[in-house]
Structure formats: C-alpha cells, structure tokens
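Just run04.cif here, mmCIF, N, CA and C atoms:
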data_coords
#
loop_
_atom_site.label_atom_id
_atom_site.label_comp_id
_atom_site.auth_asym_id
_atom_site.auth_seq_id
_atom_site.Cartn_x
_atom_site.Cartn_y
_atom_site.Cartn_z
N MET A 1351 0.44 39.34 -35.71
CA MET A 1351 0.80 37.96 -35.47
C MET A 1351 0.83 37.20 -36.80
N ILE A 1352 1.87 36.42 -36.99
CA ILE A 1352 2.01 35.66 -38.22
C ILE A 1352 1.43 34.27 -38.00
N GLN A 1353 0.57 33.86 -38.92
CA GLN A 1353 -0.04 32.53 -38.82
C GLN A 1353 0.71 31.55 -39.70
N PRO A 1354 0.76 30.28 -39.27
CA PRO A 1354 1.42 29.28 -40.12
C PRO A 1354 0.63 29.08 -41.41
N PRO A 1355 1.31 28.68 -42.48
CA PRO A 1355 0.60 28.46 -43.74
C PRO A 1355 -0.43 27.33 -43.61
N ARG A 1356 -1.49 27.47 -44.37
CA ARG A 1356 -2.57 26.48 -44.36
C ARG A 1356 -2.23 25.34 -45.31
N CYS A 1357 -2.62 24.17 -44.93
CA CYS A 1357 -2.36 22.99 -45.75
C CYS A 1357 -3.61 22.71 -46.59
N PRO A 1358 -3.50 22.80 -47.93
CA PRO A 1358 -4.69 22.62 -48.77
C PRO A 1358 -5.25 21.19 -48.72
N ARG A 1359 -4.45 20.17 -48.48
CA ARG A 1359 -4.94 18.79 -48.49
C ARG A 1359 -5.77 18.45 -47.25
N SER A 1360 -5.57 19.15 -46.15
CA SER A 1360 -6.30 18.81 -44.94
C SER A 1360 -7.41 19.81 -44.65
N GLY A 1361 -7.87 20.49 -45.66
CA GLY A 1361 -8.96 21.43 -45.49
C GLY A 1361 -8.55 22.69 -44.75
N GLY A 1362 -7.29 23.04 -44.82
CA GLY A 1362 -6.82 24.26 -44.18
C GLY A 1362 -6.26 24.04 -42.78
N ARG A 1363 -6.44 22.85 -42.24
CA ARG A 1363 -5.90 22.57 -40.90
C ARG A 1363 -4.44 22.17 -41.03
N PRO A 1364 -3.62 22.53 -40.03
CA PRO A 1364 -2.23 22.06 -40.07
C PRO A 1364 -2.18 20.54 -39.93
N PRO A 1365 -1.18 19.88 -40.51
CA PRO A 1365 -1.10 18.43 -40.43
C PRO A 1365 -0.86 17.96 -38.99
N ARG A 1366 -1.36 16.77 -38.68
CA ARG A 1366 -1.15 16.21 -37.34
C ARG A 1366 0.25 15.61 -37.26
N ILE A 1367 0.84 15.78 -36.10
CA ILE A 1367 2.17 15.23 -35.88
C ILE A 1367 2.03 14.03 -34.96
N THR A 1368 2.59 12.92 -35.38
CA THR A 1368 2.52 11.71 -34.55
C THR A 1368 3.92 11.36 -34.06
N PRO A 1369 4.03 10.78 -32.87
CA PRO A 1369 5.36 10.41 -32.36
C PRO A 1369 6.02 9.35 -33.23
N ALA A 1370 7.32 9.38 -33.25
CA ALA A 1370 8.08 8.40 -34.03
C ALA A 1370 7.95 7.03 -33.40
N GLY A 1371 7.88 6.01 -34.23
CA GLY A 1371 7.85 4.63 -33.75
C GLY A 1371 9.25 4.21 -33.32
N GLU A 1372 9.35 3.08 -32.65
CA GLU A 1372 10.64 2.59 -32.16
C GLU A 1372 11.64 2.40 -33.31
N ASP A 1373 11.17 1.93 -34.46
CA ASP A 1373 12.06 1.70 -35.60
C ASP A 1373 12.48 3.00 -36.29
N GLU A 1374 11.80 4.11 -36.00
CA GLU A 1374 12.11 5.39 -36.63
C GLU A 1374 13.01 6.28 -35.77
N LYS A 1375 13.18 5.94 -34.50
CA LYS A 1375 13.98 6.77 -33.61
C LYS A 1375 15.46 6.60 -33.92
N PRO A 1376 16.24 7.68 -33.82
CA PRO A 1376 17.68 7.56 -34.08
C PRO A 1376 18.36 6.79 -32.96
N LYS A 1377 19.49 6.18 -33.30
CA LYS A 1377 20.27 5.46 -32.30
C LYS A 1377 20.85 6.47 -31.31
N PRO A 1378 21.01 6.07 -30.06
CA PRO A 1378 21.62 7.00 -29.10
C PRO A 1378 23.06 7.31 -29.48
N ARG A 1379 23.50 8.49 -29.15
CA ARG A 1379 24.86 8.90 -29.50
C ARG A 1379 25.87 8.15 -28.64
N THR A 1380 27.02 7.92 -29.22
CA THR A 1380 28.08 7.21 -28.53
C THR A 1380 29.02 8.23 -27.90
N GLY A 1381 29.25 8.13 -26.60
CA GLY A 1381 30.14 9.03 -25.89
C GLY A 1381 31.60 8.67 -26.12
N GLN A 1382 32.50 9.56 -25.71
CA GLN A 1382 33.93 9.34 -25.92
C GLN A 1382 34.44 8.10 -25.21
N ALA A 1383 33.96 7.86 -23.99
CA ALA A 1383 34.40 6.66 -23.25
C ALA A 1383 33.94 5.40 -23.96
N ASP A 1384 32.74 5.43 -24.53
CA ASP A 1384 32.22 4.27 -25.27
C ASP A 1384 33.02 4.05 -26.55
N LYS A 1385 33.38 5.13 -27.23
CA LYS A 1385 34.19 5.01 -28.45
C LYS A 1385 35.55 4.41 -28.14
N TRP A 1386 36.14 4.86 -27.02
CA TRP A 1386 37.44 4.31 -26.61
C TRP A 1386 37.31 2.81 -26.38
N ALA A 1387 36.26 2.39 -25.66
CA ALA A 1387 36.05 0.97 -25.35
C ALA A 1387 35.87 0.15 -26.62
N ILE A 1388 35.14 0.68 -27.59
CA ILE A 1388 34.92 -0.02 -28.86
C ILE A 1388 36.24 -0.20 -29.60
N ASN A 1389 37.03 0.87 -29.68
CA ASN A 1389 38.32 0.79 -30.37
C ASN A 1389 39.29 -0.12 -29.64
N LEU A 1390 39.28 -0.09 -28.31
CA LEU A 1390 40.16 -0.96 -27.54
C LEU A 1390 39.76 -2.42 -27.74
N THR A 1391 38.46 -2.70 -27.81
CA THR A 1391 37.98 -4.05 -28.09
C THR A 1391 38.48 -4.52 -29.45
N ALA A 1392 38.40 -3.65 -30.45
CA ALA A 1392 38.87 -4.00 -31.79
C ALA A 1392 40.38 -4.25 -31.79
N ALA A 1393 41.13 -3.43 -31.06
CA ALA A 1393 42.58 -3.60 -30.98
C ALA A 1393 42.93 -4.91 -30.29
N THR A 1394 42.20 -5.23 -29.23
CA THR A 1394 42.43 -6.49 -28.51
C THR A 1394 42.15 -7.68 -29.40
N GLN A 1395 41.06 -7.61 -30.15
CA GLN A 1395 40.71 -8.70 -31.07
C GLN A 1395 41.80 -8.88 -32.12
N TYR A 1396 42.27 -7.77 -32.69
CA TYR A 1396 43.32 -7.82 -33.71
C TYR A 1396 44.59 -8.43 -33.13
N TYR A 1397 44.98 -7.99 -31.92
CA TYR A 1397 46.20 -8.49 -31.29
C TYR A 1397 46.10 -9.99 -31.00
N GLN A 1398 44.95 -10.44 -30.53
CA GLN A 1398 44.78 -11.87 -30.24
C GLN A 1398 44.88 -12.72 -31.51
N ARG A 1399 44.42 -12.18 -32.62
CA ARG A 1399 44.46 -12.91 -33.88
C ARG A 1399 45.83 -12.85 -34.54
N GLU A 1400 46.46 -11.66 -34.56
CA GLU A 1400 47.70 -11.43 -35.31
C GLU A 1400 48.96 -11.48 -34.45
N ASP A 1401 48.82 -11.38 -33.14
CA ASP A 1401 49.92 -11.39 -32.18
C ASP A 1401 50.83 -10.16 -32.32
N HIS A 1402 50.29 -9.05 -32.81
CA HIS A 1402 51.01 -7.77 -32.87
C HIS A 1402 49.99 -6.65 -33.12
N LEU A 1403 50.44 -5.42 -32.92
CA LEU A 1403 49.59 -4.26 -33.21
C LEU A 1403 50.22 -3.36 -34.27
N HIS A 1404 50.91 -3.95 -35.23
CA HIS A 1404 51.43 -3.20 -36.37
C HIS A 1404 50.33 -3.20 -37.44
N VAL A 1405 49.30 -2.43 -37.16
CA VAL A 1405 48.08 -2.44 -37.99
C VAL A 1405 48.28 -1.53 -39.20
N PRO A 1406 48.03 -2.02 -40.41
CA PRO A 1406 48.10 -1.14 -41.58
C PRO A 1406 47.12 0.03 -41.42
N ARG A 1407 47.54 1.20 -41.84
CA ARG A 1407 46.76 2.44 -41.63
C ARG A 1407 45.32 2.32 -42.13
N LYS A 1408 45.08 1.64 -43.22
CA LYS A 1408 43.73 1.56 -43.79
C LYS A 1408 42.94 0.34 -43.33
N HIS A 1409 43.47 -0.40 -42.38
CA HIS A 1409 42.79 -1.62 -41.92
C HIS A 1409 41.50 -1.29 -41.18
N VAL A 1410 40.44 -2.06 -41.51
CA VAL A 1410 39.14 -1.94 -40.83
C VAL A 1410 38.87 -3.27 -40.15
N GLU A 1411 38.64 -3.23 -38.84
CA GLU A 1411 38.38 -4.43 -38.04
C GLU A 1411 36.88 -4.51 -37.77
N THR A 1412 36.30 -5.68 -37.98
CA THR A 1412 34.89 -5.89 -37.70
C THR A 1412 34.75 -6.59 -36.35
N ILE A 1413 33.99 -5.97 -35.45
CA ILE A 1413 33.76 -6.57 -34.15
C ILE A 1413 32.27 -6.81 -33.96
N THR A 1414 31.93 -7.77 -33.13
CA THR A 1414 30.54 -8.06 -32.81
C THR A 1414 30.29 -7.62 -31.38
N MET A 1415 29.28 -6.77 -31.22
CA MET A 1415 28.96 -6.23 -29.90
C MET A 1415 27.56 -6.65 -29.48
N ALA A 1416 27.39 -6.83 -28.20
CA ALA A 1416 26.06 -7.12 -27.66
C ALA A 1416 25.40 -5.80 -27.30
N THR A 1417 24.17 -5.62 -27.76
CA THR A 1417 23.40 -4.43 -27.39
C THR A 1417 22.14 -4.89 -26.68
N VAL A 1418 21.70 -4.11 -25.71
CA VAL A 1418 20.51 -4.46 -24.94
C VAL A 1418 19.42 -3.47 -25.29
N SER A 1419 18.27 -3.99 -25.71
CA SER A 1419 17.13 -3.12 -26.00
C SER A 1419 16.17 -3.18 -24.83
N GLY A 1420 15.48 -2.09 -24.58
CA GLY A 1420 14.58 -1.99 -23.44
C GLY A 1420 13.34 -2.83 -23.60
N ALA A 1421 12.61 -2.95 -22.51
CA ALA A 1421 11.37 -3.73 -22.51
C ALA A 1421 10.29 -2.96 -23.27
N ASP A 1422 9.45 -3.69 -23.98
CA ASP A 1422 8.33 -3.05 -24.67
C ASP A 1422 7.03 -3.46 -23.98
N GLY A 1423 5.92 -3.02 -24.50
CA GLY A 1423 4.62 -3.28 -23.88
C GLY A 1423 4.25 -4.74 -23.82
N ARG A 1424 4.66 -5.55 -24.79
CA ARG A 1424 4.27 -6.96 -24.82
C ARG A 1424 5.23 -7.84 -24.04
N ASN A 1425 6.50 -7.52 -24.07
CA ASN A 1425 7.52 -8.36 -23.46
C ASN A 1425 8.28 -7.52 -22.45
N GLN A 1426 8.20 -7.85 -21.17
CA GLN A 1426 8.80 -7.04 -20.13
C GLN A 1426 10.29 -7.31 -19.94
N LYS A 1427 10.85 -8.32 -20.59
CA LYS A 1427 12.26 -8.63 -20.45
C LYS A 1427 13.08 -7.79 -21.43
N GLN A 1428 14.31 -7.48 -21.02
CA GLN A 1428 15.21 -6.81 -21.93
C GLN A 1428 15.73 -7.84 -22.92
N GLN A 1429 15.97 -7.42 -24.13
CA GLN A 1429 16.42 -8.32 -25.17
C GLN A 1429 17.85 -7.97 -25.56
N GLU A 1430 18.70 -8.99 -25.67
CA GLU A 1430 20.07 -8.77 -26.10
C GLU A 1430 20.18 -9.09 -27.58
N GLN A 1431 20.81 -8.19 -28.31
CA GLN A 1431 20.99 -8.39 -29.74
C GLN A 1431 22.47 -8.26 -30.07
N ARG A 1432 22.89 -8.88 -31.14
CA ARG A 1432 24.28 -8.80 -31.60
C ARG A 1432 24.33 -7.80 -32.75
N GLU A 1433 25.32 -6.94 -32.69
CA GLU A 1433 25.48 -5.92 -33.74
C GLU A 1433 26.94 -5.94 -34.20
N GLN A 1434 27.13 -5.97 -35.49
CA GLN A 1434 28.49 -5.92 -36.03
C GLN A 1434 28.85 -4.48 -36.33
N ARG A 1435 30.07 -4.11 -35.95
CA ARG A 1435 30.55 -2.76 -36.19
C ARG A 1435 31.89 -2.83 -36.90
N GLU A 1436 32.10 -1.89 -37.80
CA GLU A 1436 33.38 -1.78 -38.48
C GLU A 1436 34.14 -0.63 -37.84
N VAL A 1437 35.36 -0.93 -37.40
CA VAL A 1437 36.20 0.05 -36.71
C VAL A 1437 37.42 0.32 -37.57
N ARG A 1438 37.68 1.59 -37.82
CA ARG A 1438 38.88 1.97 -38.60
C ARG A 1438 40.09 1.87 -37.67
N LEU A 1439 40.50 0.65 -37.43
CA LEU A 1439 41.51 0.36 -36.42
C LEU A 1439 42.89 0.89 -36.78
N GLY A 1440 43.28 0.78 -38.02
CA GLY A 1440 44.61 1.24 -38.42
C GLY A 1440 44.81 2.71 -38.13
N ALA A 1441 43.85 3.53 -38.48
CA ALA A 1441 43.94 4.96 -38.22
C ALA A 1441 43.93 5.24 -36.72
N TRP A 1442 43.10 4.50 -35.98
CA TRP A 1442 42.99 4.72 -34.53
C TRP A 1442 44.31 4.39 -33.83
N VAL A 1443 44.91 3.25 -34.17
CA VAL A 1443 46.17 2.86 -33.54
C VAL A 1443 47.25 3.89 -33.87
N SER A 1444 47.32 4.31 -35.10
CA SER A 1444 48.30 5.32 -35.50
C SER A 1444 48.09 6.63 -34.73
N ASN A 1445 46.84 7.02 -34.57
CA ASN A 1445 46.54 8.25 -33.82
C ASN A 1445 46.93 8.12 -32.35
N GLN A 1446 46.72 6.95 -31.77
CA GLN A 1446 47.09 6.77 -30.36
C GLN A 1446 48.59 6.86 -30.18
N ARG A 1447 49.34 6.31 -31.12
CA ARG A 1447 50.80 6.41 -31.05
C ARG A 1447 51.25 7.87 -31.12
N SER A 1448 50.64 8.63 -32.01
CA SER A 1448 51.06 10.03 -32.16
C SER A 1448 50.58 10.90 -30.99
N ARG A 1449 49.58 10.45 -30.27
CA ARG A 1449 49.05 11.21 -29.12
C ARG A 1449 49.52 10.64 -27.78
N ALA A 1450 50.54 9.84 -27.79
CA ALA A 1450 50.97 9.15 -26.57
C ALA A 1450 51.26 10.12 -25.42
N THR A 1451 51.77 11.30 -25.72
CA THR A 1451 52.10 12.24 -24.65
C THR A 1451 50.86 12.85 -24.01
N THR A 1452 49.71 12.78 -24.68
CA THR A 1452 48.49 13.38 -24.13
C THR A 1452 47.51 12.33 -23.58
N LEU A 1453 47.80 11.05 -23.77
CA LEU A 1453 46.92 10.01 -23.25
C LEU A 1453 47.06 9.90 -21.74
N THR A 1454 45.98 9.49 -21.09
CA THR A 1454 46.04 9.28 -19.65
C THR A 1454 46.88 8.05 -19.35
N PRO A 1455 47.49 7.99 -18.18
CA PRO A 1455 48.28 6.81 -17.82
C PRO A 1455 47.45 5.52 -17.89
N GLU A 1456 46.18 5.60 -17.54
CA GLU A 1456 45.31 4.42 -17.60
C GLU A 1456 45.19 3.90 -19.04
N ARG A 1457 45.01 4.81 -19.98
CA ARG A 1457 44.87 4.39 -21.38
C ARG A 1457 46.18 3.87 -21.94
N ILE A 1458 47.28 4.48 -21.56
CA ILE A 1458 48.60 3.98 -21.98
C ILE A 1458 48.80 2.57 -21.45
N GLU A 1459 48.41 2.35 -20.20
CA GLU A 1459 48.54 1.02 -19.60
C GLU A 1459 47.67 -0.01 -20.31
N GLN A 1460 46.43 0.39 -20.66
CA GLN A 1460 45.52 -0.52 -21.37
C GLN A 1460 46.11 -0.92 -22.72
N LEU A 1461 46.66 0.02 -23.45
CA LEU A 1461 47.23 -0.28 -24.76
C LEU A 1461 48.52 -1.09 -24.63
N SER A 1462 49.33 -0.76 -23.65
CA SER A 1462 50.58 -1.51 -23.44
C SER A 1462 50.29 -2.95 -23.06
N ALA A 1463 49.20 -3.18 -22.33
CA ALA A 1463 48.83 -4.52 -21.89
C ALA A 1463 48.47 -5.43 -23.07
N ILE A 1464 48.04 -4.86 -24.18
CA ILE A 1464 47.68 -5.69 -25.34
C ILE A 1464 48.76 -5.64 -26.42
N GLY A 1465 49.95 -5.17 -26.08
CA GLY A 1465 51.06 -5.27 -27.01
C GLY A 1465 51.38 -4.04 -27.82
N MET A 1466 50.91 -2.86 -27.42
CA MET A 1466 51.21 -1.65 -28.17
C MET A 1466 52.69 -1.32 -28.02
N ARG A 1467 53.35 -1.08 -29.15
CA ARG A 1467 54.73 -0.60 -29.16
C ARG A 1467 54.66 0.86 -29.54
N TRP A 1468 55.23 1.71 -28.72
CA TRP A 1468 55.04 3.15 -28.86
C TRP A 1468 56.01 3.80 -29.84
N ALA A 1469 57.03 3.12 -30.25
CA ALA A 1469 57.99 3.74 -31.19
C ALA A 1469 58.01 3.00 -32.50
#
In structure tokens, write the structure found in this file.
Amino acid sequence: MIQPPRCPRSGGRPPRITPAGEDEKPKPRTGQADKWAINLTAATQYYQREDHLHVPRKHVETITMATVSGADGRNQKQQEQREQREVRLGAWVSNQRSRATTLTPERIEQLSAIGMRWA
C-alpha cells in the first residue's frame, strides 16, 4: 500500500482541507439556452439603439443582467444584484446568419422579430 507523502510543516500529518467560502466558489456554468438568451438580449438592445442588426464583426455589446443570489445564514431573503456582461455580438450575429439553415424555427422567428436580415 502506498502512503501519501508526509507534510513536514504539520508534524507529519496531512494538511486539513476546509470547504471553500462563498466568495471562493466558481460561478455556475452557463447552459446553451442561457447563452442564447444572453446573446438575444444583447441583439435586442443593439437593435433598439441602432434600429438595425448590421453589427460590425468585432463589435462587443455590454448588457446589464440581474442575478439572484441565494439566502445566507444571516439574511433569509434572496438578493438581486446587477452584473454587466460583455457579449461579442458582431461575431454571434454573423454566426447566426451563416447557420440559418440549422437554426430552429423558434430561433429564426425570435431573430426575425428584432430585425434580422438573413441575406
């Protein structure tokens, strides 16, 4: 049987492992449906401001999203926070145009509703 190496600073005992604090935990992963919603929100914001979706390929759109954090031991209410995100909108719009034949009808309808021109 192989034993783990001894730690000289703790008198030969292995170091104690403590759980990560709330500020040390990684953010939850974003699913594909969530990514679509974020990009669609950015496209809608751009269209409302510019009145078109001829987005330059390198354009980055900044959107503000509301995030809800869970209740902690001291405060039982959920807290809403605002988070700014940068979305590479130009690349996303270009990719959607090139993938038009593989998009679902629902997604094509969503993009067409905010002014997407497919050609």
If you take only N, CA and C atoms and a cut-off of 7 Å, which residues of segment 1428-1456 of chain A touch segment 1394-1405 of chain A, and what are their nearest atom pairs and distances in Å to one decimal, in chain and number order, as JSON lines?
{"residue": "A:Leu1439", "atom": "C", "partner": "A:Val1405", "partner_atom": "CA", "distance": 6.3}
{"residue": "A:Gly1440", "atom": "CA", "partner": "A:Val1405", "partner_atom": "C", "distance": 4.7}
{"residue": "A:Ala1441", "atom": "N", "partner": "A:Val1405", "partner_atom": "C", "distance": 6.8}
Which one is closest to Ile1464 of chain A: A:Ile1413, A:Gly1381, A:Ala1393, A:Arg1449? Count all atoms listed in the file.
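For Ile1464 of chain A, the nearest of the candidates is A:Ala1393.
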From the list A:Thr1368, A:His1409, A:Gln1434, A:Arg1457, which residue is nearest Trp1386 of chain A when using only C-alpha atoms?
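Ranked by minimum distance to Trp1386 of chain A, first place goes to A:Arg1457.
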Atom N of Ala1392 of chain A to atom C of Lys1375 of chain A, straight-line distance in Å:
25.4 Å
Please indicate the distance in Å from atom CA of Thr1412 of chain A to atom C of Ser1448 of chain A, rounded to one decimal place.
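Pair atom CA of Thr1412 of chain A / atom C of Ser1448 of chain A returns 23.9 Å.
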Report, in Å with one decimal, the straight-line distance from atom CA of Arg1438 of chain A to atom CA of Val1410 of chain A.
4.5 Å
Compile the contact shell of Thr1417 of chain A as a ChimeraX atom specification: residues with an atom at most 6 Å away, counting all atoms listed in the file, same-chain residues fewer than 3 positions apart removed.
/A:1429-1433
Output as a list in words all residues of segment 1385-1419 of chain A that backbone DSSP marks as strand (DSSP E).
Glu1411, Thr1412, Ile1413, Thr1414, Met1415, Ala1416, Thr1417, Val1418 and Ser1419 of chain A
Surrounding residues of Trp1468 of chain A excluding itself and chain neighbours under 4 positions, 8 Å, only N, CA and C atoms, as a VMD selection string:
chain A and resid 1446 to 1448 1450 1462
Ranking A:Thr1414, A:Arg1366, A:Glu1459, A:Ala1387 by minimum distance to Arg1435 of chain A and counting only C-alpha atoms, which one comes first?
A:Thr1414
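Among A:Glu1411, A:Leu1390, A:Gln1382, A:Ala1463, the residue with the shortest atom-to-atom distance to Val1437 of chain A, counting only C-alpha atoms, is A:Glu1411.
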